[in-house]
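Novice: Pasting a structure below so you can have a look.
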Amino acid sequence: MIDLARIGGPVACLGLALLLVATTRRDRIAGLGFAAFGACLLGAAIAPHRPLEIVGGTLVLLAVAALLAAVFLRVPWIFPLLALACVPIRVGVHVGGASSKLLVPLYAVILGAVVKLGWELVHGDERVRELRAAVWPLAAYIGWTGLSVAWSKDVQQGAIELLAFYVPFTLLAIAVARLPWSKLGVRALYAEVAVMAVVFSAIGFYQYDTRDIFQNPKVIYANAYAPYFRVNSVFWDPSVYGRFLVLAMVPSLVLIVCGRSPRLALAAAAAVVVTWFGLLISFSQSSFTALLVVVIALAFVAWRWRALVAVVLAVAVLAGISVAQPQIRRSIQHHTTGGLNNATSGRFSLVANGIRIAAHHPVLGVGVGGFKRAYADRVHLKGKDPKKAASHNTPVTVAAETGIVGLGLFAWLLVATLREAWRRRGQTALVAGIGIAAILVHSLFYNAFFEDPMTWALFGLVALAARKPSPAPEPEQAPVPAKEAVPV
């Protein structure tokens, strides 16, 4: 089965790369077909040995996807609304010999969009390169990541990552970018994410009040011994919950800073206040760091370079407060690895060893999904799936798994996307660009940049905003001739 993954990964990802960059309808159909065939091989490589359940589940999934495709063809903006609603829903699935929490309902929605895409291509749709500036860097990164499964230190984990994240979420980005521009659709999407954030915050308030955590035994155990109580609302992890709330606050904050309606600004401010308190009880340091970046970005939008003074002062104050903390001060004074590791909740050691793994495999890396196995081998951790070897930093993970080539392609993708978002005038592009920056900062402490479907949806939203039609110029009025002087 491992051999199937080594074949299926490159076929699926190179097919996606062709779908992204091709300029003819025939080539795009071929790319979509290769991506589907490679995904089937990956699925066969990691699927449990339950043929009846697999066949039955596949048929049901295809039937649901066909129904959704018919709906999306009639009302395209139902797709992003349904996809957003499915973001928090994870289902326990037994794949690759272990149980994983995967976004199964979201996969069904994406498959519906893929069926719609295939239908449109077959029936003459000539649109190409929907992701615009991100097309080439994303195609190169996806292709290289898919190839890396061939030399991965953990082919099984690599196959799971490709099938669960890279393949479906690339198609998610394409589907979002292909949407027809609709001001009503964008507003509906904003209203949905704001309402979801308020509702999830209310669930978090309930958890904090009752001390009742859903789903995650690890959080329950940690809360029993921690000096503070963390909530996770409907999400599996408090940090994932916090990241979603930060992303939900971005459009409201943009509306407050750049909007022209006082009523909408007041409603957005109310949503931000409730969401901020929901974020507070997550006690997610990475999420608050991401929120700080959002605020700084909006300060630059509002005040340009004058905001630099406020940022420097804020950093100075925060640095002073941090140094005043005994634990952090001792770590700085003694410069001990153990002290820094404790001050960063073990992340320093993970990042340091991840950099060493990257340095020992500078060109090719250890392959997609191979970080945990390579880390365990380096520090002599036992077990098939050592939890302590999980990465917490996306750039380090990218460098370790795909080498300097992958890291360079990752940087190219970020620069191209953020540049496209910054160049476009309009609140939608600004929200998408700041959202991607927030996820990137969060991924420096919690490795989920490519595992979060919101990242890929924002890639598509940047491209969609770039296609936003410019307002038609007002017709020039003919100059009114001056009245001729009347002789007396």
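We label chains A, B, ... in the order they appear in the structure tokens, count residues from 1 in each chain, and number ligands from 1 in the order shown.
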Can you tell me which residues surround Pro217 of chain A at a distance of at most 10 Å, considering only C-alpha atoms, apart from same-chain residues fewer than 5 positions away, and format the answer as a PyMOL selection string?
Specialist: chain A and resi 222-223+236
Novice: Emit the selected residues as an mmCIF file, in the first residue's frame, including all heavy atoms.
Specialist:
data_model
loop_
_atom_site.group_PDB
_atom_site.id
_atom_site.type_symbol
_atom_site.label_atom_id
_atom_site.label_comp_id
_atom_site.auth_asym_id
_atom_site.auth_seq_id
_atom_site.Cartn_x
_atom_site.Cartn_y
_atom_site.Cartn_z
ATOM 1 N N ALA A 222 -5.451 18.830 31.095
ATOM 2 C CA ALA A 222 -4.610 20.011 31.316
ATOM 3 C C ALA A 222 -5.308 21.015 32.228
ATOM 4 O O ALA A 222 -4.669 21.624 33.106
ATOM 5 C CB ALA A 222 -4.265 20.657 29.981
ATOM 6 N N ASN A 223 -6.617 21.185 32.067
ATOM 7 C CA ASN A 223 -7.350 22.127 32.910
ATOM 8 C C ASN A 223 -7.381 21.697 34.365
ATOM 9 O O ASN A 223 -7.480 22.532 35.271
ATOM 10 C CB ASN A 223 -8.786 22.287 32.395
ATOM 11 C CG ASN A 223 -8.871 23.204 31.192
ATOM 12 O OD1 ASN A 223 -8.011 24.064 30.999
ATOM 13 N ND2 ASN A 223 -9.888 23.018 30.367
ATOM 14 N N TRP A 236 -11.714 21.310 18.384
ATOM 15 C CA TRP A 236 -10.962 20.285 19.087
ATOM 16 C C TRP A 236 -9.933 20.898 20.023
ATOM 17 O O TRP A 236 -9.722 20.406 21.125
ATOM 18 C CB TRP A 236 -10.268 19.366 18.069
ATOM 19 C CG TRP A 236 -9.393 18.311 18.687
ATOM 20 C CD1 TRP A 236 -8.030 18.287 18.706
ATOM 21 C CD2 TRP A 236 -9.816 17.129 19.361
ATOM 22 N NE1 TRP A 236 -7.573 17.170 19.356
ATOM 23 C CE2 TRP A 236 -8.662 16.428 19.769
ATOM 24 C CE3 TRP A 236 -11.062 16.593 19.677
ATOM 25 C CZ2 TRP A 236 -8.722 15.228 20.464
ATOM 26 C CZ3 TRP A 236 -11.122 15.380 20.363
ATOM 27 C CH2 TRP A 236 -9.965 14.719 20.749
#
Novice: Would you list the contacts of Val301 of chain A as a list in words, taking every protein, DNA or RNA residue within 10 Å and counting only C-alpha atoms, but skipping same-chain residues closer than 5 positions in sequence?
Specialist: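 Skipping anything fewer than 5 positions along the chain leaves Val254, Val257, Cys258, Val295, Ile296, Ala307 and Leu430 of chain A.
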Novice: So the first atom is atom CA of Ala98 of chain A and the second is atom CA of Val240 of chain A; what is the distance between them in Å, to one decimal place?
Specialist: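 Separation of atom CA of Ala98 of chain A and atom CA of Val240 of chain A: 21.5 Å.
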Novice: Expressed in Å to a single decimal, how great is the separation between atom CA of Thr145 of chain A and atom CA of Gly370 of chain A?
Specialist: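 Calculated distance between atom CA of Thr145 of chain A and atom CA of Gly370 of chain A is 11.6 Å.
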Novice: Find the residue from A:Trp77, A:Trp119, A:Phe445, A:Tyr241 that sits nearest to Thr397 of chain A; use only C-alpha atoms when measuring.
Specialist: A:Phe445
Novice: Using only C-alpha atoms, find the one residue out of A:Leu16, A:Val250, A:Val91, A:Val199 that sits nearest to Thr428 of chain A.
Specialist: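 For Thr428 of chain A, the nearest of the given residues is A:Val250.
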Novice: For a test of reading the model, state the distance in Å between atom CA of Ala45 of chain A and atom CA of Gly118 of chain A, rounded to one decimal.
Specialist: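 These two atoms are separated by 24.9 Å.
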Novice: Within 9 Å of Leu458 of chain A, counting only C-alpha atoms, which residues show up once you throw out same-chain ones fewer than 4 positions away? Write them as a list in words, please.
Specialist: Ala173, Val176, Val431, Ala432, Gly433, Gly435, Ile436, Pro453, Met454, Val462 and Ala463 of chain A
Novice: Please produce a file of those selected residues containing C-alpha atoms, as a CSV table (one decimal), in the first residue's frame.
Specialist:
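Written out: result18.csv:
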chain,number,residue,atom,x,y,z
A,173,ALA,CA,-9.2,27.7,-3.4
A,176,VAL,CA,-13.7,30.2,-4.4
A,431,VAL,CA,-9.7,41.3,4.8
A,432,ALA,CA,-8.2,38.4,2.8
A,433,GLY,CA,-4.6,39.7,3.0
A,435,GLY,CA,-6.4,37.1,7.4
A,436,ILE,CA,-3.6,35.3,5.6
A,453,PRO,CA,-9.1,25.4,5.2
A,454,MET,CA,-9.5,29.2,5.9
A,462,VAL,CA,-7.7,37.4,-2.9
A,463,ALA,CA,-8.1,36.2,-6.5
Novice: Write out as number ranges by chain which residues come within 9 Å of Val135 of chain A when counting only C-alpha atoms, dropping same-chain ones fewer than 4 positions away.
Specialist: A: 17, 20-21, 129-131, 139-140, 413
Novice: Measuring atom to atom with only C-alpha atoms, identify which of A:Leu103, A:Val231, A:Ala438, A:Ala134 is nearest to Thr210 of chain A.
Specialist: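 Between A:Leu103, A:Val231, A:Ala438, A:Ala134, the residue approaching Thr210 of chain A most closely is A:Val231.
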Novice: Among the residues of segment 164-322 of chain A, find those DSSP assigns to alpha helix (DSSP H) from the backbone and print them as a ChimeraX atom specification.
Specialist: /A:167-177,183-210,217-225,238-258,262-280,285-303,307-322
Novice: Have a look at A:Leu179, A:Pro168, A:Ser148, A:Ala265 and name the one nearest to Val398 of chain A; count only C-alpha atoms.
Specialist: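 Counting only C-alpha atoms, the residue closest to Val398 of chain A is A:Ser148.
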Novice: Using only C-alpha atoms, pick whichever of A:Val396, A:Leu266, A:Leu350, A:Val246 has the shortest atom-to-atom distance to Leu292 of chain A.
Specialist: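 Residue with the minimum atom-to-atom distance to Leu292 of chain A: A:Val246.
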Novice: Counting only C-alpha atoms, figure out which residue out of A:Val379, A:Ala5, A:Val64, A:Met249 gets nearest to Gly278 of chain A.
Specialist: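 Closest to Gly278 of chain A, using only C-alpha atoms: A:Met249.
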